[in-house]
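For reference, query19.cif is printed below; it contains mmCIF, C-alpha atoms and all ligand atoms.
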```cif
data_data
loop_
_atom_site.label_atom_id
_atom_site.label_comp_id
_atom_site.auth_asym_id
_atom_site.auth_seq_id
_atom_site.Cartn_x
_atom_site.Cartn_y
_atom_site.Cartn_z
CA MET A 1210 0.00 0.00 0.00
CA ASP A 1211 1.40 3.46 -0.79
CA ARG A 1212 1.21 6.46 1.54
CA ASP A 1213 -1.64 8.18 -0.35
CA LEU A 1214 -3.82 5.06 -0.22
CA TYR A 1215 -2.96 4.54 3.45
CA LEU A 1216 -3.99 8.11 4.33
CA HIS A 1217 -7.09 7.92 2.11
CA GLU A 1218 -8.32 4.72 3.75
CA THR A 1219 -7.25 5.50 7.31
CA PHE A 1220 -8.87 8.94 7.36
CA GLY A 1221 -12.07 7.68 5.76
CA CYS A 1222 -12.02 9.71 2.56
CA ASP A 1223 -14.55 7.37 0.84
CA ASP A 1224 -17.72 9.37 0.49
CA PRO A 1225 -20.78 8.14 -1.44
CA VAL A 1226 -22.05 11.65 -2.33
CA LEU A 1227 -18.70 12.75 -3.71
CA THR A 1228 -18.06 9.42 -5.43
CA ARG A 1229 -21.41 9.75 -7.21
CA ILE A 1230 -20.43 13.22 -8.47
CA LEU A 1231 -17.21 11.80 -9.90
CA GLU A 1232 -19.11 8.93 -11.55
CA ARG A 1233 -21.57 11.34 -13.16
CA MET A 1234 -18.72 13.54 -14.37
CA LYS A 1235 -17.14 10.51 -15.99
CA GLU A 1236 -20.43 9.60 -17.68
CA ARG A 1237 -20.53 13.13 -19.11
CA ASP A 1238 -16.89 13.10 -20.23
CA MET A 1239 -16.09 16.03 -17.97
CA PRO A 1240 -12.39 16.54 -17.17
CA PRO A 1241 -11.28 14.64 -14.00
CA ILE A 1242 -9.83 17.74 -12.36
CA SER A 1243 -11.85 18.05 -9.15
CA VAL A 1244 -9.87 18.47 -5.95
CA LEU A 1245 -8.55 15.25 -4.43
CA PRO A 1246 -10.70 13.67 -1.69
CA SER A 1247 -8.17 14.61 1.01
CA LEU A 1248 -8.13 18.23 -0.18
CA GLY A 1249 -11.93 18.22 -0.18
CA ARG A 1250 -11.89 17.16 3.45
CA LEU A 1251 -9.33 19.84 4.22
CA LEU A 1252 -11.60 22.46 2.62
CA THR A 1253 -14.49 21.35 4.84
CA LEU A 1254 -12.30 21.53 7.93
CA LEU A 1255 -10.88 24.95 6.99
CA VAL A 1256 -14.33 26.47 6.43
CA LYS A 1257 -15.56 25.00 9.73
CA THR A 1258 -12.48 26.00 11.69
CA ALA A 1259 -12.55 29.53 10.31
CA GLY A 1260 -16.26 29.77 11.17
CA ALA A 1261 -16.76 31.08 7.64
CA GLU A 1262 -20.29 32.01 6.62
CA ARG A 1263 -19.76 33.65 3.22
CA VAL A 1264 -17.68 31.44 0.97
CA LEU A 1265 -16.60 32.33 -2.57
CA GLU A 1266 -15.47 29.60 -4.97
CA ILE A 1267 -13.86 30.44 -8.32
CA GLY A 1268 -14.18 27.39 -10.59
CA ALA A 1269 -17.12 25.05 -9.88
CA LEU A 1270 -16.76 22.24 -12.47
CA GLY A 1271 -19.10 19.47 -11.18
CA GLY A 1272 -19.59 20.76 -7.67
CA TYR A 1273 -17.17 18.40 -5.92
CA SER A 1274 -15.27 21.11 -4.05
CA GLY A 1275 -18.56 23.02 -3.75
CA VAL A 1276 -20.07 20.21 -1.67
CA CYS A 1277 -16.90 20.09 0.46
CA LEU A 1278 -17.01 23.86 1.06
CA ALA A 1279 -20.76 23.85 1.77
CA ARG A 1280 -20.33 21.06 4.31
CA GLY A 1281 -18.20 23.39 6.39
CA LEU A 1282 -20.90 26.08 6.56
CA GLY A 1283 -23.38 26.65 9.35
CA LYS A 1284 -27.06 26.57 8.39
CA ASP A 1285 -27.13 30.29 7.57
CA GLY A 1286 -23.90 30.23 5.57
CA THR A 1287 -23.78 30.72 1.81
CA LEU A 1288 -21.55 29.60 -1.02
CA THR A 1289 -21.18 31.80 -4.10
CA SER A 1290 -19.62 29.82 -6.91
CA LEU A 1291 -18.32 31.25 -10.19
CA GLU A 1292 -18.18 29.10 -13.31
CA LEU A 1293 -17.51 29.90 -16.97
CA SER A 1294 -19.55 27.05 -18.42
CA PRO A 1295 -23.37 27.21 -18.08
CA THR A 1296 -23.52 23.42 -18.50
CA PHE A 1297 -21.03 22.81 -15.70
CA ALA A 1298 -22.74 25.35 -13.44
CA GLU A 1299 -26.14 23.70 -13.94
CA PHE A 1300 -24.66 20.27 -13.29
CA ALA A 1301 -22.88 21.53 -10.16
CA ARG A 1302 -26.10 23.16 -8.97
CA SER A 1303 -27.99 19.85 -9.26
CA ASN A 1304 -25.23 18.03 -7.35
CA LEU A 1305 -25.23 20.63 -4.56
CA ALA A 1306 -29.03 20.38 -4.39
CA GLU A 1307 -28.87 16.60 -4.11
CA ALA A 1308 -26.30 16.96 -1.33
CA GLY A 1309 -28.79 19.16 0.57
CA PHE A 1310 -27.37 22.62 -0.18
CA ALA A 1311 -29.90 23.96 -2.72
CA GLU A 1312 -30.78 26.94 -0.50
CA GLN A 1313 -27.22 27.81 0.39
CA VAL A 1314 -25.46 27.94 -2.99
CA ARG A 1315 -25.66 30.54 -5.77
CA TYR A 1316 -23.93 30.21 -9.11
CA ARG A 1317 -22.73 33.05 -11.28
CA VAL A 1318 -22.08 31.98 -14.84
CA GLY A 1319 -19.54 33.56 -17.19
CA PRO A 1320 -15.90 34.68 -17.01
CA ALA A 1321 -15.02 34.91 -13.32
CA ILE A 1322 -13.40 38.31 -13.85
CA SER A 1323 -16.80 39.76 -14.87
CA SER A 1324 -18.62 38.04 -12.00
CA LEU A 1325 -16.01 39.33 -9.53
CA ALA A 1326 -16.29 42.89 -10.87
CA SER A 1327 -20.08 42.70 -10.37
CA LEU A 1328 -19.70 41.33 -6.85
CA VAL A 1329 -17.36 44.21 -5.93
CA LEU A 1330 -19.86 46.74 -7.29
CA GLU A 1331 -22.61 45.06 -5.24
CA GLY A 1332 -20.51 45.44 -2.09
CA ALA A 1333 -20.17 41.69 -1.53
CA ARG A 1334 -17.92 40.48 1.29
CA PHE A 1335 -16.45 37.01 1.80
CA ASP A 1336 -14.72 35.34 4.73
CA PHE A 1337 -13.41 32.36 2.75
CA VAL A 1338 -12.23 32.25 -0.88
CA PHE A 1339 -11.19 29.18 -2.85
CA ILE A 1340 -9.45 29.84 -6.19
CA ASP A 1341 -9.49 26.90 -8.61
CA ALA A 1342 -10.09 28.15 -12.15
CA ASP A 1343 -7.93 29.33 -15.11
CA LYS A 1344 -4.34 29.70 -13.93
CA PRO A 1345 -3.32 32.84 -15.91
CA ASN A 1346 -5.95 34.79 -13.95
CA TYR A 1347 -5.06 33.65 -10.42
CA ALA A 1348 -3.31 36.95 -9.60
CA ASN A 1349 -6.37 38.89 -10.82
CA TYR A 1350 -8.62 36.68 -8.71
CA LEU A 1351 -6.42 37.39 -5.70
CA GLU A 1352 -6.80 41.16 -6.22
CA TYR A 1353 -10.60 40.84 -6.32
CA ALA A 1354 -10.58 38.49 -3.33
CA LEU A 1355 -8.61 41.05 -1.34
CA GLN A 1356 -11.08 43.79 -2.25
CA MET A 1357 -13.94 41.72 -0.83
CA ALA A 1358 -12.07 40.15 2.10
CA LEU A 1359 -12.89 40.77 5.74
CA PRO A 1360 -10.27 40.77 8.50
CA GLY A 1361 -9.42 37.10 9.10
CA THR A 1362 -10.62 35.91 5.67
CA LEU A 1363 -8.87 32.79 4.38
CA ILE A 1364 -7.84 32.79 0.72
CA CYS A 1365 -6.94 29.32 -0.60
CA ALA A 1366 -5.75 28.20 -4.02
CA ASP A 1367 -5.24 24.82 -5.65
CA ASN A 1368 -2.59 23.78 -8.20
CA VAL A 1369 0.12 26.19 -7.09
CA LEU A 1370 2.79 23.68 -8.19
CA LEU A 1371 1.23 23.13 -11.64
CA GLY A 1372 2.55 19.59 -11.92
CA ASP A 1373 5.96 20.91 -10.81
CA ARG A 1374 6.20 23.14 -13.92
CA ILE A 1375 6.44 26.10 -11.52
CA LEU A 1376 9.88 24.82 -10.50
CA ASP A 1377 11.31 25.45 -13.99
CA SER A 1378 12.25 29.14 -13.99
CA ALA A 1379 12.68 29.07 -17.79
CA ASN A 1380 9.06 27.99 -18.37
CA GLN A 1381 7.12 30.93 -19.82
CA ASP A 1382 3.81 29.16 -20.39
CA ALA A 1383 0.89 31.51 -19.58
CA SER A 1384 -0.34 29.29 -16.73
CA VAL A 1385 3.12 29.08 -15.18
CA VAL A 1386 3.72 32.83 -15.51
CA GLY A 1387 0.27 33.51 -14.07
CA MET A 1388 0.85 31.17 -11.14
CA ARG A 1389 4.28 32.66 -10.44
CA THR A 1390 2.72 36.14 -10.33
CA PHE A 1391 -0.03 34.88 -8.02
CA VAL A 1392 2.42 33.22 -5.61
CA GLN A 1393 4.68 36.28 -5.62
CA ARG A 1394 1.76 38.60 -4.79
CA LEU A 1395 0.37 36.23 -2.17
CA THR A 1396 3.68 35.83 -0.36
CA SER A 1397 4.75 39.49 -0.54
CA ASN A 1398 1.47 41.11 0.53
CA HIS A 1399 1.91 42.55 4.01
CA ARG A 1400 -1.81 41.95 4.74
CA LEU A 1401 -1.38 38.21 4.24
CA GLU A 1402 0.16 35.38 6.26
CA SER A 1403 0.55 32.39 3.96
CA VAL A 1404 1.75 28.81 3.63
CA GLY A 1405 2.21 26.49 0.64
CA LEU A 1406 1.51 22.79 1.19
CA PRO A 1407 2.64 19.85 -0.97
CA ILE A 1408 -0.83 18.32 -0.97
CA GLY A 1409 -2.16 17.22 -4.37
CA ASP A 1410 -0.84 19.65 -6.98
CA GLY A 1411 0.19 22.18 -4.33
CA PHE A 1412 -2.22 24.08 -2.09
CA ALA A 1413 -1.81 27.60 -0.73
CA ILE A 1414 -3.56 29.06 2.30
CA ALA A 1415 -3.37 32.74 3.21
CA ARG A 1416 -5.07 34.67 5.99
CA VAL A 1417 -5.95 38.35 5.78
CA ALA A 1418 -4.66 40.26 8.80
CA ARG A 1419 -7.22 41.40 11.37
C1 LIG B 1501 -10.11 22.72 -11.83
S1 LIG B 1501 -11.73 23.00 -12.34
C2 LIG B 1501 -12.57 23.33 -10.82
C3 LIG B 1501 -12.71 22.12 -9.97
C4 LIG B 1501 -13.61 22.32 -8.78
N1 LIG B 1501 -13.15 23.41 -7.96
C5 LIG B 1501 -13.65 21.06 -7.95
O1 LIG B 1501 -12.65 20.75 -7.31
O2 LIG B 1501 -14.69 20.40 -7.93
C6 LIG B 1501 -11.68 24.60 -13.06
C7 LIG B 1501 -13.03 25.15 -13.44
O3 LIG B 1501 -12.84 26.54 -13.74
C8 LIG B 1501 -13.67 26.87 -14.83
N2 LIG B 1501 -13.11 28.06 -15.48
C9 LIG B 1501 -12.08 28.12 -16.35
N3 LIG B 1501 -11.87 29.37 -16.75
C10 LIG B 1501 -12.77 30.13 -16.10
C11 LIG B 1501 -13.07 31.52 -16.11
N4 LIG B 1501 -12.39 32.38 -16.85
N5 LIG B 1501 -14.09 31.95 -15.34
C12 LIG B 1501 -14.80 31.08 -14.56
N6 LIG B 1501 -14.56 29.76 -14.52
C13 LIG B 1501 -13.56 29.28 -15.29
C14 LIG B 1501 -13.66 25.63 -15.71
O4 LIG B 1501 -14.79 25.61 -16.56
C15 LIG B 1501 -13.64 24.52 -14.68
O5 LIG B 1501 -14.96 24.10 -14.39
#
```
Represent the structure from my file as structure tokens, please.
Amino acid sequence: MDRDLYLHETFGCDDPVLTRILERMKERDMPPISVLPSLGRLLTLLVKTAGAERVLEIGALGGYSGVCLARGLGKDGTLTSLELSPTFAEFARSNLAEAGFAEQVRYRVGPAISSLASLVLEGARFDFVFIDADKPNYANYLEYALQMALPGTLICADNVLLGDRILDSANQDASVVGMRTFVQRLTSNHRLESVGLPIGDGFAIARVAR
């Protein structure tokens, strides 16, 4: 048994609701790029531990991470999820509804940059942000997240290692450049305390100063 399987089995990461979402995604030929089960559990724990009530997710896909985030909310908490594809957003909505979160989740469809600009204009505030969409825009998403963050808000991001491509300083691919910019801004912002973890494809957690 390898270490990932050991941790997966020992910490009970098998979950019928989430497994069903993955099966349906496969039936629909959707890309298998949801967060790993262990990262999903970490998201639930982080939302719960932070006591977050207004969660923003950028990149919904099939709703896998959405269910994990929503599970961390109290009964009055809400999840706002941004997704480019109307088909994915509708599918994610149905999965969140089946998981019991129909009343707590709202989807905004279209380029996340436009949805974020609208949320800023509406005066939205979030106490937990999960960034997991197109990599070239991560730094832009961070800027918007900071505009809507409250003191103590957690800002998390998946894929910060980009399959280790981030380690090659000569790589000028748009995703790599975008991720480098994001990490540089995250780690140099005096309002943020941050850590990068080697879980999955690399996971960053930052907390906005109080
Ligand atoms: C890695 S997947 C998200 C996985 C999801 N967070 C999960 O773990 O279940 C990235 C998602 O971001 C969406 N996306 C890509 N570019 C986007 C954009 N410009 N605006 C909003 N969503 C975008 C994709 O359609 C895809 O569903």
If you count all atoms listed in the file, the residue of A:Ala1413, A:Ala1321, A:Val1369, A:Ala1379 closest to ligand LIG 1501 (chain B) turns out to be A:Ala1321
Test item: residues no farther than 7 Å from ligand LIG 1501 (chain B), counting all atoms listed in the file, as a list in words:
Ile1242, Ser1243, Val1244, Ile1267, Gly1268, Ala1269, Leu1270, Gly1271, Gly1272, Tyr1273, Ser1274, Gly1275, Leu1291, Glu1292, Leu1293, Ser1294, Phe1297, Gly1319, Pro1320, Ala1321, Ile1322, Asp1341, Ala1342 and Asp1343 of chain A
List the neighbours of Arg1250 in chain A out to 12 Å using all atoms listed in the file; skip same-chain residues closer than 3 positions along the sequence, and give me the result as a short mmCIF file (atom, residue, chain, number, x, y, z; two decimals) with C-alpha atoms, keeping the file's coordinate frame.
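Everything below was put into part02.cif:
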```cif
data_model
loop_
_atom_site.label_atom_id
_atom_site.label_comp_id
_atom_site.auth_asym_id
_atom_site.auth_seq_id
_atom_site.Cartn_x
_atom_site.Cartn_y
_atom_site.Cartn_z
CA HIS A 1217 -7.09 7.92 2.11
CA PHE A 1220 -8.87 8.94 7.36
CA GLY A 1221 -12.07 7.68 5.76
CA CYS A 1222 -12.02 9.71 2.56
CA ASP A 1223 -14.55 7.37 0.84
CA ASP A 1224 -17.72 9.37 0.49
CA LEU A 1227 -18.70 12.75 -3.71
CA VAL A 1244 -9.87 18.47 -5.95
CA LEU A 1245 -8.55 15.25 -4.43
CA PRO A 1246 -10.70 13.67 -1.69
CA SER A 1247 -8.17 14.61 1.01
CA THR A 1253 -14.49 21.35 4.84
CA LEU A 1254 -12.30 21.53 7.93
CA LEU A 1255 -10.88 24.95 6.99
CA VAL A 1256 -14.33 26.47 6.43
CA LYS A 1257 -15.56 25.00 9.73
CA TYR A 1273 -17.17 18.40 -5.92
CA SER A 1274 -15.27 21.11 -4.05
CA GLY A 1275 -18.56 23.02 -3.75
CA VAL A 1276 -20.07 20.21 -1.67
CA CYS A 1277 -16.90 20.09 0.46
CA LEU A 1278 -17.01 23.86 1.06
CA ALA A 1279 -20.76 23.85 1.77
CA ARG A 1280 -20.33 21.06 4.31
CA GLY A 1281 -18.20 23.39 6.39
CA ILE A 1408 -0.83 18.32 -0.97
#
```
If you count all atoms listed in the file, which residues fall within 12 Å of Leu1395 in chain A, apart from same-chain ones fewer than 5 positions away, as a list in words?
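These residues fall inside the cut-off: Tyr1347, Ala1348, Asn1349, Tyr1350, Leu1351, Glu1352, Ala1354, Leu1355, Leu1363, Ile1364, Cys1365, Ala1366, Val1369, Met1388, Arg1389, Thr1390, Arg1400, Leu1401, Glu1402, Ser1403, Val1404, Gly1405, Ala1413, Ile1414, Ala1415, Arg1416 and Val1417 of chain A.
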Pick from A:Gly1411, A:Leu1231, A:Pro1345, A:Pro1360: nearest to Ala1301 in chain A, with all atoms listed in the file counted?
A:Leu1231
Residues proximal to (-23.7, 29.3, 10.6) were defined as those with any atom within 8 Å of that point in the file's coordinates, counting only C-alpha atoms. Which are they, as a list in words?
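Collected hits near the coordinates: Gly1260, Ala1261, Glu1262, Leu1282, Gly1283, Lys1284, Asp1285 and Gly1286 of chain A.
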Would you mind listing what lies within 9 Å of Arg1302 in chain A as a PyMOL selection string, with only C-alpha atoms counted and same-chain residues fewer than 3 positions away left out?
chain A and resi 1271-1272+1297-1299+1305-1307+1310-1311+1314-1316
For a quick check of understanding, using only C-alpha atoms, which of A:Ala1308, A:Ala1418, A:Pro1295, A:Phe1412 has the smallest distance to Pro1225 in chain A?
A:Ala1308
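Computed from the coordinates, the CA of Arg1263 in chain A to CA of Val1338 in chain A distance equals 8.7 Å.
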Nearest candidate to Val1385 in chain A (options A:Glu1331, A:Lys1344, A:Ser1397, A:Phe1300; using all atoms listed in the file)
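Of A:Glu1331, A:Lys1344, A:Ser1397, A:Phe1300, the one nearest Val1385 in chain A, counting all atoms listed in the file, is A:Lys1344.
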Counting all atoms listed in the file, figure out which residue out of A:Asn1346, A:Asn1398, A:Thr1228, A:Thr1362 gets nearest to Val1386 in chain A.
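Smallest separation from Val1386 in chain A among the options: A:Asn1346.
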